[in-house]
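Input: a single structure, listed below in structure tokens.
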2 protein chains.
Amino acid sequence: MRNILIVGAGRSSAALVRYLLKKSFEEDLNLIIADISVENANSLVMGHENSSVVELDIFNIESRKKLVKNADIVVSMLPARFHLEIAKDCLDFKKNLVTASYISEDLSAMNKDVKEAGLIFMNEIGLDPGIDHMSAMQVIDRIKAQGGKMILFESFTGGLVAPESDNNLWNYKFTWNPRNVVVAGQGGVAKFIQEGKYKYIPYHKLFRRTEFLSIEGYGKFEALANRDSLNYREIYGLQDALTLYRGTIRRIGYSRAWNIFVQLGMTDDSYVMEGSEKMSYRDFTNSFLPYKPHDSVELKLRHYLKIDQDDVIWEKLLELDIFNGDKIVGIKDATPAQILQRILMDSWTLAEDDKDMIVMYHKFGYELNGVKKQIESNMVVLGEDQTYTAMAKTVGLPVAMATLDILNGKIKTPGVQLPISKEVYEPILKELEEYGIQFKEKDVDYLGYNPHNLGV
Amino acid sequence: MRNILIVGAGRSSAALVRYLLKKSFEEDLNLIIADISVENANSLVMGHENSSVVELDIFNIESRKKLVKNADIVVSMLPARFHLEIAKDCLDFKKNLVTASYISEDLSAMNKDVKEAGLIFMNEIGLDPGIDHMSAMQVIDRIKAQGGKMILFESFTGGLVAPESDNNLWNYKFTWNPRNVVVAGQGGVAKFIQEGKYKYIPYHKLFRRTEFLSIEGYGKFEALANRDSLNYREIYGLQDALTLYRGTIRRIGYSRAWNIFVQLGMTDDSYVMEGSEKMSYRDFTNSFLPYKPHDSVELKLRHYLKIDQDDVIWEKLLELDIFNGDKIVGIKDATPAQILQRILMDSWTLAEDDKDMIVMYHKFGYELNGVKKQIESNMVVLGEDQTYTAMAKTVGLPVAMATLDILNGKIKTPGVQLPISKEVYEPILKELEEYGIQFKEKDVDYLGYNPHNLGV
């Protein structure tokens, strides 16, 4: 039996554990699930004979080291900030490691030691980051192998509610950490390139600069720019691309309405509001509006942000009950973002039988034999239920597959890495198709952003 | 002879030095001006017999300590971050200290030692902070002495161009550190109270939430909220006031036009723009607009920010030449704020014979014998020339007067302090009147923000 230690039994571990347990007989696997909550861990394996469950406080060095020492490979599904200690243990005991998180600078600094020890520390192998890397690199490598030159790359991902469970005006529910949704886009300017021109969007304009995209069978979506469009330029080998743009997908109309919260200042997470605990939703809204006791909060807001009488934005705000004077926030020393999250959770929490949906969309522009061409590819994954959500599957399955591929020697190259090499992405993307996680690709006319070469 | 050590010979030291030199014969004063630039120091005293000039690098501990040791009192006109070292020297050698800067936490922590040594460390005794504290406390103390209860306090200050030198569409020129003007309002939400309701304005809405105010003989002005309206609540003894608001004064229309820069993202000082050195002003503007080679930068901007064809905002932008494709930024690795500053300095730098103007405006609301009353007071100071600017006078003179009052034992109370006690503000405000720095006060009807007591 080969021992796989999985640290962290959160929501994203469900599909990962199910996959490995299914394979456990033919592949001779034994799973050790370690979590601070034995209950969480138990609910994932439900007494499966090829599994055991351990209570682990990650700060208990002794128990942690003991578990790593006895494992053949370690999977860390903890929040990213806890990976480093596990990684150090893995280096000490010469164990391979798999995570779905971004490679931190500290982890990156271990690369030389990890390589020398002949170990594989595979990271960013969930959905985003993860499937986005693999699916992009597969097409980019193919284009380059044909002699093509990459001139455009755009990539969009969104965690949404499935069409069958989509029953609010925002066409949105929380399918992942709500906090990340509320503060999305903050912390720095969004920077990207279009046709060689650097463009910058400040946070307070981000939700007014969306682009539309269509997916056959699923209709239209909108995308807003991520902060980090240029992060992977070198890693993907796109130094010469004139257009690089990464974004987040929402249903059309979401961003224009969300902009109301941004403009009011409701998404600010940097200060605590006076009297937040006893504040009503209406008080909260009124805090961002001028003091004018003659006028209603409603009319002040409409006037301040110039919302027309018949604008659907208004209905979206009403649906969230932000003018309710009886609903109380009930959180002490809360920031605006925390209060907004509370208000949204009343409306956007997934119901028992709701399903989620993951959408990913890439555009690849390239020049081959003097002709500009474009490939568009997209992936849509629907959740099965509240446990095997589209998010849990698209994050957990690539992690599980990479773990097994490393154990079985299919992935060989040592080092602290992300899944951009053929050795990694090819078998995993192929296997993901068996689980309904696949890309539809089509050739389209190259459009770019300057089809008539104006000003060039 | 009593030795006054003045560290820092910047612009704001001119009026300070002139005052003290004038008094030097009758008061037996000798001024030692220490600065990293002997030239700057010399230009202030011009060989006056009761003065000497020393080259001082503030980080040269030995020379610094020697100078402090030989002084009878020390005035630090350095940037605020350098005060602490001087303050420590003053404590060591038992010397009184005067600065025009905000009391830092580090300085505040020295209060006990300073008191025990019987020393006076007087701070915040320039214009703002300084004259604002003194003029406000004089009225507040008087109202309280009459048995009145403070219910409203608003205070506004602005450094502007004098009407006779006001010849651009913005009615504004740089009369002080341009950088502070460009980044004004950043770094946190603006928070204040109106009629007991806390209100919050995020940065990107700050310049759209101005209030108007009038000053006889000078016309209308606008004021935008400072971040810190509640900072002095306890210090001024205004715990029960229902309205507290502090703001910055501009000429009407400035903020609405400045908002264009905020909306575009041009005031951001948090990141460096690609290729800033060779960028034209037009490129800079275009960086914040969508890539659309079919459309002009002008029309993209008008459409993005919905600027009407006949809106004077447009003329203000043209006046600054932000669409000029030939003018080059010429600063390497510059932030948007640095580039905007460069562009503005082309238009807003004071000409040789331009004069500046300081405007301060207070509103005091109070209840006396069951009747609500209001006092409004304002001060307007005009500059004499480029050396004795209104700013230099209003900052330097209170510092100079406090220095002499401390030397002469008129100010007695020891401790790290700001000028809020009668002992300090009464003689200084009185003497400032001789220099044309005085407040006009009038009783008006109490208006507050809810005159008809709606919803109360």
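We label chains A, B, ... in the order they appear in the structure tokens, count residues from 1 in each chain, and number ligands from 1 in the order shown.
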Env of range 319-334 of chain A: 6 Å cut, atoms = only C-alpha atoms, seq-sep filter 4 positions within chain, self excluded. Answer as a PyMOL selection string.
chain A and resi 272+276-282+338
May I have the residues from that selection written out with N, CA, C and O atoms, as a compact mmCIF listing (two decimals), in the first residue's frame?
```txt
# COMPACT_ATOMS: atom_id res chain seq x y z
N VAL A 272 -13.33 50.09 10.13
CA VAL A 272 -14.47 49.58 10.89
C VAL A 272 -15.53 50.68 10.99
O VAL A 272 -15.21 51.84 11.21
N SER A 276 -21.62 49.20 14.10
CA SER A 276 -22.05 48.23 13.08
C SER A 276 -22.99 47.17 13.63
O SER A 276 -23.87 46.69 12.93
N GLU A 277 -22.81 46.80 14.90
CA GLU A 277 -23.58 45.68 15.44
C GLU A 277 -25.09 45.94 15.40
O GLU A 277 -25.87 45.08 15.04
N LYS A 278 -25.48 47.16 15.78
CA LYS A 278 -26.91 47.46 15.88
C LYS A 278 -27.47 48.18 14.66
O LYS A 278 -28.61 48.63 14.65
N MET A 279 -26.64 48.31 13.67
CA MET A 279 -27.01 49.04 12.45
C MET A 279 -27.98 48.21 11.61
O MET A 279 -27.82 47.00 11.48
N SER A 280 -29.02 48.86 11.05
CA SER A 280 -29.89 48.14 10.11
C SER A 280 -29.27 48.19 8.72
O SER A 280 -28.37 49.00 8.47
N TYR A 281 -29.78 47.34 7.84
CA TYR A 281 -29.30 47.37 6.45
C TYR A 281 -29.51 48.78 5.87
O TYR A 281 -28.68 49.29 5.13
N ARG A 282 -30.63 49.40 6.25
CA ARG A 282 -30.93 50.75 5.77
C ARG A 282 -29.92 51.79 6.30
O ARG A 282 -29.45 52.64 5.56
N GLN A 338 -17.48 43.48 5.23
CA GLN A 338 -18.05 42.40 6.05
C GLN A 338 -19.57 42.55 6.14
O GLN A 338 -20.30 41.55 6.13
```
Could you list, with a cut-off of 10 Å and counting only C-alpha atoms, the residues of chain A near chain B, each shown with its nearest atom pair and the distance in Å rounded to one decimal, rows sorted by chain and ascending number, as CSV?
```
residue,atom,partner,partner_atom,distance
A:Gly187,CA,B:Ser270,CA,9.8
A:Gly188,CA,B:Ser270,CA,7.6
A:Val189,CA,B:Tyr271,CA,7.9
A:Lys191,CA,B:Met273,CA,9.6
A:Ile193,CA,B:Tyr291,CA,9.1
A:Gln194,CA,B:Tyr291,CA,6.5
A:Glu195,CA,B:Tyr291,CA,8.1
A:Gly196,CA,B:Tyr291,CA,9.9
A:Lys197,CA,B:Ser287,CA,7.6
A:Tyr198,CA,B:Ser287,CA,6.3
A:Lys199,CA,B:Ser287,CA,4.8
A:Tyr200,CA,B:Phe288,CA,5.3
A:Ile201,CA,B:Phe288,CA,6.2
A:Pro202,CA,B:Gly265,CA,5.4
A:Tyr203,CA,B:Gly265,CA,8.7
A:His204,CA,B:His204,CA,6.8
A:Lys205,CA,B:Gln263,CA,7.1
A:Arg208,CA,B:Tyr304,CA,9.3
A:Arg209,CA,B:Pro290,CA,8.1
A:Val262,CA,B:Pro202,CA,9.0
A:Gln263,CA,B:Lys205,CA,7.1
A:Leu264,CA,B:Pro202,CA,7.3
A:Gly265,CA,B:Pro202,CA,5.4
A:Met266,CA,B:Pro202,CA,9.0
A:Asp268,CA,B:Pro202,CA,8.3
A:Ser270,CA,B:Gly188,CA,7.6
A:Tyr271,CA,B:Val189,CA,7.8
A:Met273,CA,B:Tyr198,CA,8.6
A:Glu274,CA,B:Tyr198,CA,7.2
A:Gly275,CA,B:Tyr198,CA,9.3
A:Asp283,CA,B:Lys197,CA,9.3
A:Phe284,CA,B:Lys199,CA,9.8
A:Asn286,CA,B:Lys199,CA,8.0
A:Ser287,CA,B:Lys199,CA,4.8
A:Phe288,CA,B:Tyr200,CA,5.3
A:Leu289,CA,B:Lys199,CA,7.2
A:Pro290,CA,B:Lys199,CA,7.4
A:Tyr291,CA,B:Gln194,CA,6.6
A:Lys292,CA,B:Tyr449,CA,7.3
A:Pro293,CA,B:Leu454,CA,5.9
A:His294,CA,B:Leu454,CA,6.7
A:Asp295,CA,B:Leu454,CA,9.8
A:Tyr304,CA,B:Arg208,CA,9.3
A:Tyr449,CA,B:Lys292,CA,7.2
A:Asn450,CA,B:Pro293,CA,6.6
A:Pro451,CA,B:Pro293,CA,9.6
A:His452,CA,B:His294,CA,9.0
A:Asn453,CA,B:Pro293,CA,8.3
A:Leu454,CA,B:Pro293,CA,5.9
A:Gly455,CA,B:Pro293,CA,6.7
A:Val456,CA,B:Pro293,CA,9.1
```
Which residues are near Ala392 in chain B? Cut-off 9 Å, only C-alpha atoms, ignore same chain within fewer than 5 positions. Put them as a list in words.
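Using only C-alpha atoms, the neighbours found are Arg11, Ser12, Ser13, Ala14, Ala15, Leu16, Gly383, Thr387 and Leu397 of chain B.
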Store the residues of this selection in a file with N, CA and C atoms, as a compact mmCIF listing (two decimals), in the first residue's frame.
```
# COMPACT_ATOMS: atom_id res chain seq x y z
N ARG B 11 11.10 77.02 2.59
CA ARG B 11 10.23 78.15 2.26
C ARG B 11 9.46 78.67 3.47
N SER B 12 9.05 77.74 4.33
CA SER B 12 8.19 78.17 5.43
C SER B 12 8.98 78.86 6.55
N SER B 13 10.31 78.90 6.43
CA SER B 13 11.11 79.55 7.47
C SER B 13 11.28 81.05 7.25
N ALA B 14 10.93 81.54 6.06
CA ALA B 14 11.20 82.94 5.72
C ALA B 14 10.54 83.93 6.69
N ALA B 15 9.24 83.81 6.87
CA ALA B 15 8.52 84.76 7.72
C ALA B 15 8.93 84.58 9.19
N LEU B 16 9.21 83.37 9.55
CA LEU B 16 9.67 83.04 10.91
C LEU B 16 10.98 83.76 11.21
N GLY B 383 -0.56 86.77 0.18
CA GLY B 383 0.90 86.79 0.17
C GLY B 383 1.43 88.14 -0.26
N THR B 387 8.48 85.15 -1.57
CA THR B 387 9.17 84.73 -0.35
C THR B 387 8.22 84.79 0.84
N LEU B 397 4.84 82.70 11.28
CA LEU B 397 4.65 83.68 12.36
C LEU B 397 4.20 83.05 13.68
```
Pick from A:Tyr366, A:Ile143, A:Ala223, A:Leu305 nearest to Ala241 in chain A, counting only C-alpha atoms
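Closest candidate: A:Tyr366.
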Near Phe174 in chain A, within 8 Å and counting only C-alpha atoms, which residues show up once chain neighbours fewer than 5 positions away are dropped, as a list in words?
Leu160, Val161, Val181, Met345, Trp348, Thr349 and Leu350 of chain A
Can those selected residues be exported to a file as a tab-separated table (two decimals), in the first residue's frame so that it contains all heavy atoms?
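Contents of part.tsv, freshly written:
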```tsv
chain	number	residue	atom	x	y	z
A	160	LEU	N	-19.88	30.29	-11.12
A	160	LEU	CA	-21.23	30.84	-11.19
A	160	LEU	C	-22.25	29.83	-10.68
A	160	LEU	O	-21.90	28.71	-10.30
A	160	LEU	CB	-21.55	31.21	-12.64
A	160	LEU	CG	-20.58	32.22	-13.29
A	160	LEU	CD1	-20.81	32.27	-14.79
A	160	LEU	CD2	-20.75	33.60	-12.68
A	161	VAL	N	-23.49	30.23	-10.71
A	161	VAL	CA	-24.56	29.30	-10.36
A	161	VAL	C	-25.03	28.63	-11.66
A	161	VAL	O	-25.02	29.25	-12.73
A	161	VAL	CB	-25.70	30.07	-9.64
A	161	VAL	CG1	-26.34	31.12	-10.54
A	161	VAL	CG2	-26.74	29.12	-9.08
A	181	VAL	N	-15.34	37.26	-3.14
A	181	VAL	CA	-16.22	37.89	-4.13
A	181	VAL	C	-16.42	39.36	-3.78
A	181	VAL	O	-16.39	40.23	-4.65
A	181	VAL	CB	-17.57	37.15	-4.18
A	181	VAL	CG1	-18.53	37.83	-5.14
A	181	VAL	CG2	-17.36	35.68	-4.57
A	345	MET	N	-25.23	37.41	1.76
A	345	MET	CA	-25.42	35.99	2.11
A	345	MET	C	-26.89	35.66	2.37
A	345	MET	O	-27.31	34.52	2.18
A	345	MET	CB	-24.53	35.61	3.30
A	345	MET	CG	-23.07	35.49	2.86
A	345	MET	SD	-21.92	35.10	4.20
A	345	MET	CE	-22.18	33.32	4.34
A	348	TRP	N	-27.73	35.23	-1.51
A	348	TRP	CA	-26.90	34.52	-2.47
A	348	TRP	C	-26.33	33.20	-1.97
A	348	TRP	O	-25.45	32.62	-2.60
A	348	TRP	CB	-25.73	35.41	-2.92
A	348	TRP	CG	-26.16	36.56	-3.77
A	348	TRP	CD1	-27.42	36.86	-4.20
A	348	TRP	CD2	-25.30	37.58	-4.31
A	348	TRP	NE1	-27.41	37.99	-4.96
A	348	TRP	CE2	-26.12	38.46	-5.05
A	348	TRP	CE3	-23.93	37.82	-4.24
A	348	TRP	CZ2	-25.60	39.57	-5.72
A	348	TRP	CZ3	-23.42	38.93	-4.91
A	348	TRP	CH2	-24.25	39.79	-5.64
A	349	THR	N	-26.78	32.74	-0.81
A	349	THR	CA	-26.29	31.45	-0.32
A	349	THR	C	-26.97	30.34	-1.11
A	349	THR	O	-28.17	30.39	-1.36
A	349	THR	CB	-26.59	31.32	1.18
A	349	THR	OG1	-25.91	32.38	1.87
A	349	THR	CG2	-26.11	29.98	1.73
A	350	LEU	N	-26.19	29.35	-1.52
A	350	LEU	CA	-26.74	28.24	-2.29
A	350	LEU	C	-27.78	27.49	-1.46
A	350	LEU	O	-27.55	27.19	-0.28
A	350	LEU	CB	-25.64	27.26	-2.69
A	350	LEU	CG	-24.68	27.66	-3.81
A	350	LEU	CD1	-23.63	26.57	-4.00
A	350	LEU	CD2	-25.41	27.94	-5.12
```
